[in-house]
file work07.txt (compact mmCIF, C-alpha atoms)
# COMPACT_ATOMS: atom_id res chain seq x y z
CA MET H 52 74.03 31.31 27.21
CA ASN H 53 75.89 29.43 24.46
CA ASP H 54 75.27 30.54 20.84
CA HIS H 55 73.64 27.21 20.11
CA ALA H 56 70.97 27.77 22.75
CA PRO H 57 67.60 29.26 21.76
CA ASP H 58 66.59 32.78 22.78
CA ARG H 59 62.97 31.62 23.02
CA VAL H 60 60.90 28.49 22.60
CA ASP H 61 60.51 27.34 19.00
CA PRO H 62 57.15 28.58 17.62
CA GLU H 63 56.51 25.12 16.14
CA LEU H 64 55.93 23.89 19.69
CA GLY H 65 53.04 26.29 20.20
CA ARG H 66 50.66 24.34 18.00
CA GLY H 67 49.37 21.91 20.63
CA ARG H 68 52.13 19.36 20.05
CA ALA H 69 54.17 18.10 22.99
CA PRO H 70 57.94 18.47 22.46
CA ASN H 71 59.91 15.33 21.73
CA ILE H 72 63.55 14.40 22.05
CA ARG H 73 64.36 15.56 18.50
CA ASP H 74 62.87 19.00 19.25
CA VAL H 75 65.15 19.28 22.25
CA ALA H 76 68.16 18.17 20.19
CA ARG H 77 67.43 20.72 17.44
CA LEU H 78 66.92 23.61 19.84
CA ALA H 79 70.05 22.72 21.83
CA GLY H 80 72.15 22.23 18.68
CA VAL H 81 73.07 18.63 19.50
CA SER H 82 72.12 15.15 18.32
CA TYR H 83 69.18 13.31 19.85
CA GLN H 84 71.70 10.67 21.03
CA THR H 85 73.39 13.40 23.07
CA VAL H 86 70.05 14.36 24.63
CA SER H 87 69.52 10.69 25.53
CA ARG H 88 72.95 10.53 27.17
CA VAL H 89 72.16 13.64 29.21
CA LEU H 90 68.87 12.11 30.36
CA ASN H 91 70.68 8.96 31.44
CA ASP H 92 73.48 10.89 33.16
CA HIS H 93 76.21 9.52 30.90
CA PRO H 94 79.67 10.49 32.21
CA SER H 95 81.06 11.35 28.77
CA ILE H 96 78.89 14.49 28.35
CA ARG H 97 80.64 17.84 28.88
CA ASP H 98 79.17 20.08 31.56
CA SER H 99 78.46 22.89 29.08
CA THR H 100 76.54 20.52 26.79
CA ARG H 101 74.60 19.03 29.69
CA ASP H 102 73.66 22.51 30.94
CA ARG H 103 72.50 23.57 27.48
CA VAL H 104 70.32 20.47 27.02
CA LEU H 105 68.82 20.74 30.50
CA GLU H 106 67.96 24.40 29.91
CA VAL H 107 66.13 23.55 26.69
CA ILE H 108 64.29 20.73 28.48
CA ALA H 109 63.17 23.19 31.14
CA GLU H 110 62.09 25.80 28.56
CA THR H 111 60.13 23.38 26.41
CA GLY H 112 58.62 21.32 29.23
CA TYR H 113 59.85 18.12 27.58
CA ARG H 114 59.05 14.94 29.51
CA PRO H 115 60.83 11.72 28.52
CA ASN H 116 58.58 8.81 27.58
CA PRO H 117 59.37 5.96 30.00
CA ALA H 118 58.52 3.26 27.47
CA ALA H 119 60.70 4.83 24.80
CA ARG H 120 63.59 5.22 27.22
CA ALA H 121 63.27 1.57 28.21
CA LEU H 122 63.60 0.52 24.58
CA VAL H 123 66.71 2.62 24.07
CA THR H 124 68.45 1.90 27.37
CA SER H 125 67.06 -1.58 28.18
CA ARG H 126 66.08 -0.09 31.54
CA SER H 127 62.55 0.64 32.67
CA ARG H 128 63.56 2.89 35.62
CA THR H 129 60.66 1.23 37.45
CA ILE H 130 60.48 -0.26 40.94
CA GLY H 131 57.69 -2.73 41.58
CA VAL H 132 55.74 -2.80 44.85
CA LEU H 133 53.83 -5.92 45.91
CA THR H 134 51.51 -5.33 48.86
CA SER H 135 48.79 -7.13 50.75
CA GLN H 136 47.67 -4.22 52.95
CA SER H 137 48.16 -0.88 51.21
CA PHE H 138 45.05 0.54 52.93
CA GLN H 139 46.62 0.42 56.41
CA TYR H 140 48.49 3.42 57.83
CA GLY H 141 51.96 1.87 58.05
CA PRO H 142 52.17 0.35 54.55
CA ALA H 143 50.45 3.37 52.95
CA THR H 144 52.96 5.71 54.61
CA SER H 145 55.89 3.56 53.50
CA ILE H 146 54.59 3.39 49.91
CA ALA H 147 54.35 7.20 49.80
CA ALA H 148 57.94 7.50 51.08
CA ILE H 149 59.11 4.89 48.57
CA GLU H 150 57.44 6.79 45.73
CA ILE H 151 59.13 10.07 46.68
CA ALA H 152 62.57 8.49 47.18
CA ALA H 153 62.25 6.57 43.91
CA ARG H 154 61.15 9.69 41.99
CA ASP H 155 64.08 11.67 43.40
CA ALA H 156 66.38 8.95 42.06
CA GLY H 157 64.73 8.99 38.62
CA TYR H 158 62.50 5.95 39.10
CA ARG H 159 58.75 5.42 39.10
CA LEU H 160 56.60 2.82 40.87
CA SER H 161 54.35 0.05 39.65
CA VAL H 162 52.14 -1.08 42.55
CA THR H 163 49.97 -4.17 42.70
CA SER H 164 48.08 -5.83 45.55
CA ILE H 165 47.31 -9.43 46.46
CA ALA H 166 43.89 -10.23 47.90
CA THR H 167 44.95 -13.59 49.37
CA THR H 168 48.23 -15.26 50.29
CA ASP H 169 47.77 -18.36 48.15
CA VAL H 170 50.52 -19.29 45.71
CA THR H 171 48.43 -18.54 42.62
CA SER H 172 47.63 -14.99 43.73
CA ILE H 173 51.24 -14.23 44.67
CA ARG H 174 52.62 -15.63 41.42
CA ALA H 175 50.07 -13.69 39.35
CA ALA H 176 51.04 -10.44 41.09
CA LEU H 177 54.74 -11.09 40.56
CA ASP H 178 54.16 -12.01 36.90
CA TYR H 179 52.31 -8.71 36.44
CA LEU H 180 55.17 -6.69 37.93
CA MET H 181 57.79 -8.56 35.91
CA SER H 182 55.78 -7.84 32.76
CA GLN H 183 56.39 -4.14 33.56
CA SER H 184 60.16 -4.87 33.35
CA VAL H 185 60.70 -3.66 36.92
CA GLU H 186 64.35 -3.31 37.86
CA ALA H 187 63.77 -3.97 41.56
CA LEU H 188 60.99 -5.05 43.89
CA VAL H 189 59.60 -4.01 47.29
CA VAL H 190 57.40 -6.55 49.09
CA ILE H 191 55.05 -5.11 51.76
CA ALA H 192 53.26 -8.30 52.70
CA PRO H 193 54.78 -9.55 55.96
CA GLN H 194 52.86 -12.79 56.18
CA GLN H 195 55.14 -15.81 56.51
CA ARG H 196 53.46 -17.56 53.58
CA VAL H 197 54.11 -14.67 51.19
CA LEU H 198 57.80 -14.54 52.04
CA GLU H 199 58.13 -18.30 51.63
CA VAL H 200 56.63 -18.10 48.12
CA ILE H 201 58.84 -15.13 47.21
CA ALA H 202 61.92 -17.07 48.35
CA GLU H 203 60.83 -20.10 46.29
CA ILE H 204 60.27 -18.01 43.17
CA ALA H 205 63.54 -16.11 43.73
CA PRO H 206 62.90 -13.05 41.49
CA ASP H 207 65.86 -12.26 39.24
CA VAL H 208 65.86 -8.61 40.33
CA PRO H 209 66.99 -7.06 43.63
CA TYR H 210 64.17 -7.11 46.17
CA VAL H 211 63.52 -6.04 49.72
CA THR H 212 60.80 -7.17 52.13
CA LEU H 213 59.42 -4.47 54.43
CA GLN H 214 58.27 -4.84 58.04
CA THR H 215 60.01 -8.17 58.45
CA ALA H 216 62.17 -8.72 61.49
CA ASP H 217 64.32 -11.50 60.02
CA ILE H 218 67.12 -9.94 57.96
CA ALA H 219 69.32 -13.04 57.86
CA ASP H 220 68.34 -13.75 54.25
CA GLY H 221 69.70 -10.37 53.14
CA HIS H 222 66.36 -8.98 51.95
CA GLY H 223 64.63 -7.55 55.04
CA MET H 224 64.14 -3.90 56.02
CA SER H 225 62.19 -3.08 59.15
CA ALA H 226 61.95 -1.29 62.42
CA ASP H 227 63.21 -3.49 65.24
CA GLN H 228 59.86 -5.03 66.17
CA THR H 229 61.22 -7.08 69.06
CA LEU H 230 62.94 -4.09 70.61
CA GLY H 231 59.76 -2.02 70.25
CA ALA H 232 57.76 -4.66 72.12
CA ARG H 233 60.39 -4.84 74.83
CA LEU H 234 60.25 -1.04 75.24
CA ALA H 235 56.45 -1.20 75.65
CA THR H 236 56.58 -4.05 78.16
CA ARG H 237 59.52 -2.57 80.07
CA HIS H 238 57.65 0.72 80.44
CA LEU H 239 54.77 -1.09 82.15
CA ILE H 240 57.14 -3.07 84.38
CA GLU H 241 58.97 0.10 85.43
CA LEU H 242 55.62 1.62 86.44
CA GLY H 243 55.17 -1.32 88.82
CA HIS H 244 52.94 -3.67 86.81
CA THR H 245 53.60 -7.37 87.34
CA GLU H 246 50.52 -8.85 85.64
CA ILE H 247 50.57 -7.80 81.98
CA MET H 248 48.43 -9.23 79.16
CA HIS H 249 49.35 -9.13 75.47
CA ILE H 250 46.86 -8.91 72.60
CA SER H 251 48.90 -10.13 69.65
CA GLY H 252 48.50 -9.82 65.91
CA PRO H 253 47.69 -12.76 63.59
CA GLN H 254 49.80 -15.88 63.98
CA ASP H 255 51.08 -15.90 60.38
CA TRP H 256 52.43 -12.33 60.54
CA ILE H 257 56.16 -12.02 61.12
CA GLU H 258 55.90 -8.66 62.86
CA ALA H 259 53.20 -10.01 65.21
CA GLU H 260 55.48 -12.90 66.13
CA ALA H 261 58.40 -10.53 66.75
CA ARG H 262 56.31 -8.26 69.01
CA MET H 263 55.02 -11.27 70.94
CA GLN H 264 58.59 -12.48 71.40
CA GLY H 265 59.69 -9.07 72.67
CA TYR H 266 56.87 -9.09 75.23
CA LEU H 267 57.83 -12.57 76.47
CA ASP H 268 61.55 -11.76 76.53
CA GLU H 269 61.01 -8.68 78.68
CA LEU H 270 58.78 -10.54 81.16
CA ASN H 271 61.35 -13.31 81.42
CA ALA H 272 64.15 -10.79 81.95
CA ALA H 273 62.17 -9.30 84.85
CA ASP H 274 61.37 -12.80 86.20
CA LEU H 275 57.62 -12.13 85.90
CA ARG H 276 54.85 -14.57 85.08
CA THR H 277 54.23 -14.99 81.37
CA ARG H 278 50.72 -15.44 80.03
CA ALA H 279 49.59 -16.92 76.74
CA PRO H 280 49.02 -13.97 74.36
CA ILE H 281 45.61 -13.53 72.76
CA LEU H 282 45.93 -13.92 68.96
CA GLY H 283 44.11 -11.04 67.25
CA ASP H 284 43.58 -9.74 63.73
CA TRP H 285 44.84 -6.10 63.99
CA SER H 286 41.29 -4.67 64.10
CA ALA H 287 39.63 -2.41 66.69
CA HIS H 288 36.68 -4.80 66.49
CA PHE H 289 38.83 -7.65 67.81
CA GLY H 290 40.36 -5.46 70.52
CA TYR H 291 36.88 -4.61 71.75
CA TYR H 292 35.65 -8.20 72.03
CA ALA H 293 38.97 -9.42 73.45
CA GLY H 294 38.67 -6.69 76.08
CA LEU H 295 35.15 -7.73 77.04
CA GLU H 296 36.32 -11.32 77.50
CA LEU H 297 39.55 -10.52 79.37
CA LEU H 298 37.93 -8.00 81.67
CA ARG H 299 35.48 -10.60 83.00
CA PHE H 300 38.31 -11.79 85.26
CA ARG H 301 40.49 -8.70 85.75
CA ASP H 302 43.52 -10.56 87.10
CA PHE H 303 45.90 -8.17 85.34
CA SER H 304 46.65 -4.45 85.62
CA ALA H 305 48.09 -3.67 82.18
CA VAL H 306 47.73 -4.61 78.52
CA PHE H 307 50.22 -4.37 75.67
CA ALA H 308 48.27 -4.42 72.38
CA SER H 309 50.23 -5.30 69.24
CA ASN H 310 48.82 -2.32 67.33
CA ASP H 311 46.96 0.90 68.05
CA GLN H 312 43.69 -0.21 66.45
CA MET H 313 43.32 -3.16 68.83
CA ALA H 314 44.22 -0.83 71.69
CA LEU H 315 41.40 1.46 70.59
CA GLY H 316 38.94 -1.43 70.69
CA PHE H 317 40.17 -2.38 74.17
CA MET H 318 39.54 1.20 75.31
CA HIS H 319 35.95 0.86 74.10
CA ALA H 320 35.49 -2.29 76.17
CA CYS H 321 36.86 -0.53 79.26
CA ARG H 322 34.45 2.37 78.84
CA GLU H 323 31.53 -0.01 78.43
CA LEU H 324 32.46 -1.78 81.66
CA GLU H 325 33.06 1.57 83.43
CA LEU H 326 36.77 0.94 83.94
CA ARG H 327 39.16 3.86 83.79
CA ILE H 328 42.39 4.06 81.78
CA PRO H 329 44.98 4.38 83.28
CA GLU H 330 43.59 4.48 86.86
CA ASP H 331 42.24 0.91 86.71
CA ILE H 332 44.16 -0.52 83.74
CA SER H 333 47.20 0.75 81.82
CA LEU H 334 47.38 0.30 78.06
CA VAL H 335 50.19 0.49 75.48
CA GLY H 336 49.79 0.18 71.71
CA PHE H 337 52.19 -0.12 68.77
CA ASP H 338 52.69 1.92 65.54
CA ASP H 339 51.77 5.45 66.71
CA ILE H 340 49.12 6.05 64.05
CA PRO H 341 48.20 9.77 63.82
CA GLU H 342 44.89 9.23 65.63
CA SER H 343 46.54 7.62 68.70
CA ALA H 344 47.41 11.04 70.15
CA HIS H 345 43.66 11.82 70.13
CA PHE H 346 42.33 8.65 71.74
CA ALA H 347 40.60 9.13 75.10
CA PRO H 348 42.99 9.12 76.86
CA PRO H 349 45.86 9.74 74.42
CA LEU H 350 47.62 6.42 73.85
CA THR H 351 51.10 5.47 75.01
CA THR H 352 52.53 3.57 72.06
CA VAL H 353 55.63 2.54 70.11
CA ARG H 354 56.51 4.62 67.09
CA GLN H 355 58.13 2.96 64.11
CA ASN H 356 59.25 5.40 61.46
CA PHE H 357 57.44 4.17 58.34
CA ASP H 358 58.84 7.04 56.24
CA GLU H 359 62.39 6.07 57.15
CA ILE H 360 61.70 2.40 56.43
CA GLY H 361 60.46 3.35 52.94
CA ARG H 362 63.44 5.60 52.24
CA ARG H 363 65.91 2.97 53.39
CA ALA H 364 64.23 0.34 51.22
CA VAL H 365 64.84 2.44 48.11
CA ALA H 366 68.42 3.22 49.17
CA LEU H 367 69.03 -0.50 49.66
CA LEU H 368 67.70 -1.37 46.20
CA LEU H 369 69.64 1.43 44.49
CA ALA H 370 72.83 0.24 46.19
CA GLU H 371 72.24 -3.27 44.83
CA LEU H 372 71.47 -1.97 41.35
CA ARG H 373 74.74 -0.02 41.37
CA GLY H 374 76.76 -2.95 42.65
CA GLY H 375 77.27 -1.50 46.12
CA ALA H 376 76.84 -2.97 49.58
CA PRO H 377 73.23 -2.66 50.84
CA ASP H 378 72.61 -1.45 54.41
CA HIS H 379 70.11 -3.68 56.23
CA ASP H 380 70.37 -2.01 59.64
CA LEU H 381 67.09 -2.08 61.55
CA VAL H 382 65.29 1.20 62.20
CA VAL H 383 65.22 1.91 65.93
CA PRO H 384 61.66 2.33 67.33
CA GLU H 385 60.71 4.91 69.96
CA LEU H 386 58.39 4.67 72.96
CA ILE H 387 55.90 7.56 72.99
CA VAL H 388 54.56 8.02 76.52
CA ARG H 389 51.15 9.66 76.74
CA GLN H 390 48.27 9.37 79.22
CA SER H 391 47.13 5.73 78.98
CA THR H 392 49.74 4.36 81.39
CA ALA H 393 50.25 4.84 85.14
CA PRO H 394 51.27 2.78 88.19
CA PRO H 395 48.87 -0.09 88.96
CA PRO H 396 45.99 0.42 91.42
CA GLU H 397 46.70 -0.38 95.08
CA SER H 398 44.80 -3.67 94.85
CA MET H 399 47.24 -4.95 92.16
CA ARG H 400 50.50 -3.93 93.82
CA ASN H 401 52.75 -6.50 95.44
call {"tool": "encode", "arguments": {"input": "work07.txt", "output": "structure tokens"}}
result
Amino acid sequence: MNDHAPDRVDPELGRGRAPNIRDVARLAGVSYQTVSRVLNDHPSIRDSTRDRVLEVIAETGYRPNPAARALVTSRSRTIGVLTSQSFQYGPATSIAAIEIAARDAGYRLSVTSIATTDVTSIRAALDYLMSQSVEALVVIAPQQRVLEVIAEIAPDVPYVTLQTADIADGHGMSADQTLGARLATRHLIELGHTEIMHISGPQDWIEAEARMQGYLDELNAADLRTRAPILGDWSAHFGYYAGLELLRFRDFSAVFASNDQMALGFMHACRELELRIPEDISLVGFDDIPESAHFAPPLTTVRQNFDEIGRRAVALLLAELRGGAPDHDLVVPELIVRQSTAPPPESMRN
């Protein structure tokens, strides 16, 4: 090691005091401005100096203070996350992936939630994040109203909206929701089903609209009768009661539910009415939540890679921050075939 480097940690740091940037500078034999440049990856620093400073940082356990760094560099190294549904599997998984990708790039997250989609709530959440001096923003609130308000406010930082199918505005990042719905519907058609119901998500949700459109497009492409989708609320509770109502008539042989939770509720209704899945009715969900492989029977569903969506969102924002060209390509979904689908019963075959 260079002569300027310490042979051991300075004894002054063993008195219960956390090391600071000046301690690192003294032990590395450089100025504190040089340490700051190393921390901010300044190109003018020689490799030998950078290595010496990084070794001292590792030996002392020094951790830069984000607030102090923001004052010196005018950068907070913070990405804001605005969410309306962080408790659900998909958004929670994406947030975890965003946090890891951001940390690997030297950023941290500031996350806030909105309880309602009214303008006041959305503006208050955005004001909070902007008060943290966020450098970029991820919006995980795919209700049409939220995106309209965000577009009106037009944040003066790069931002990306997750789980939105419309990327024409240059801000969306999503799995291809329409393609996923087409894959689900096509799978049922290829098994021989001609009467297929759709339990949709809420009307205001962009991803619900995209999945509904995919279902209708695939039926039209196969020249099959289209039925008015049932507008749901994403919950197993709704799937259960929708199932009880739909199964009073039983003029269909398959159901495409817009998420796995509503599919679970529909399964409950079938059991209560002593109908078998897939012998009497086939069922496909959407999302591939971890529990779907353990439903009874295991659920055929559409997998959208929430981890990849989160990683791509961070990559998109970092590209914008660095003046590059963001990549808005949609993540391709995958049909996961399990045991909840089969050819229709003889009585429903043409």
call {"tool": "closest_atom_pairs", "arguments": {"input": "work07.txt", "of": "region 215-314 of chain H", "to": "region 188-209 of chain H", "cutoff": "9 Å", "atoms": "all atoms listed in the file", "output": "Markdown table"}}
result
| residue | atom | partner | partner_atom | distance |
| --- | --- | --- | --- | --- |
| H:Thr215 | CA | H:Pro193 | CA | 6.0 |
| H:His222 | CA | H:Pro209 | CA | 8.6 |
| H:Gln254 | CA | H:Gln194 | CA | 8.9 |
| H:Asp255 | CA | H:Gln194 | CA | 5.5 |
| H:Trp256 | CA | H:Gln194 | CA | 4.4 |
| H:Ile257 | CA | H:Pro193 | CA | 5.9 |
| H:Glu258 | CA | H:Pro193 | CA | 7.0 |
call {"tool": "axis_aligned_box", "arguments": {"input": "work07.txt", "around": "region 83-100 of chain H", "padding_each_side": "5 Å", "output": "JSON"}}
result
{"center_x": 75.0, "center_y": 15.9, "center_z": 26.5, "size_x": 22.2, "size_y": 23.9, "size_z": 23.3}
call {"tool": "atom_distance", "arguments": {"input": "work07.txt", "atom1": "CA of Gly374 (chain H)", "atom2": "CA of Asp102 (chain H)"}}
result
28.2 Å
call {"tool": "closest_residue", "arguments": {"input": "work07.txt", "among": "H:Phe300, H:Asp339, H:Asp268, H:Ile240", "to": "Pro395 (chain H)", "atoms": "all atoms listed in the file"}}
result
H:Ile240
call {"tool": "closest_residue", "arguments": {"input": "work07.txt", "among": "H:Met224, H:Ala293, H:Ile165, H:Ala305", "to": "Glu241 (chain H)", "atoms": "all atoms listed in the file"}}
result
H:Ala305
call {"tool": "closest_residue", "arguments": {"input": "work07.txt", "among": "H:Asp227, H:Glu296, H:Asp274, H:Glu246", "to": "Ser333 (chain H)", "atoms": "only C-alpha atoms"}}
result
H:Glu246
call {"tool": "residues_around", "arguments": {"input": "work07.txt", "residues": "Gln390 (chain H)", "least_positions_apart": "5", "cutoff": "9 Å", "atoms": "only C-alpha atoms", "output": "list in words"}}
result
Ile328, Pro329, Ala347, Pro348, Pro349, Leu350 and Thr351 of chain H
call {"tool": "write_last_selection", "arguments": {"input": "work07.txt", "atoms": "C-alpha atoms", "output": "PDB file, keeping the file's coordinate frame"}}
result
ATOM      1  CA  ILE H 328      42.390   4.060  81.780  1.00  0.00           C
ATOM      2  CA  PRO H 329      44.980   4.380  83.280  1.00  0.00           C
ATOM      3  CA  ALA H 347      40.600   9.130  75.100  1.00  0.00           C
ATOM      4  CA  PRO H 348      42.990   9.120  76.860  1.00  0.00           C
ATOM      5  CA  PRO H 349      45.860   9.740  74.420  1.00  0.00           C
ATOM      6  CA  LEU H 350      47.620   6.420  73.850  1.00  0.00           C
ATOM      7  CA  THR H 351      51.100   5.470  75.010  1.00  0.00           C
TER       8      THR H 351
END
call {"tool": "closest_residue", "arguments": {"input": "work07.txt", "among": "H:Tyr140, H:Tyr266, H:Tyr83, H:Trp285", "to": "Pro253 (chain H)", "atoms": "only C-alpha atoms"}}
result
H:Trp285
call {"tool": "atom_distance", "arguments": {"input": "work07.txt", "atom1": "CA of Val365 (chain H)", "atom2": "CA of Ala152 (chain H)"}}
result
6.5 Å
call {"tool": "closest_residue", "arguments": {"input": "work07.txt", "among": "H:Ile250, H:Glu323, H:Ala261, H:Arg278", "to": "Val306 (chain H)", "atoms": "all atoms listed in the file"}}
result
H:Ile250
call {"tool": "closest_residue", "arguments": {"input": "work07.txt", "among": "H:Ala232, H:Ala364, H:Val104, H:Val162", "to": "Thr352 (chain H)", "atoms": "all atoms listed in the file"}}
result
H:Ala232
call {"tool": "residues_near_point", "arguments": {"input": "work07.txt", "point": "(61.8, 3.6, 62.3)", "cutoff": "12 Å", "atoms": "only C-alpha atoms", "output": "VMD selection string"}}
result
chain H and resid 141 144 to 145 213 to 214 224 to 228 230 to 231 338 to 339 353 to 364 380 to 386
call {"tool": "atom_distance", "arguments": {"input": "work07.txt", "atom1": "CA of Asn271 (chain H)", "atom2": "CA of Gln312 (chain H)"}}
result
26.6 Å
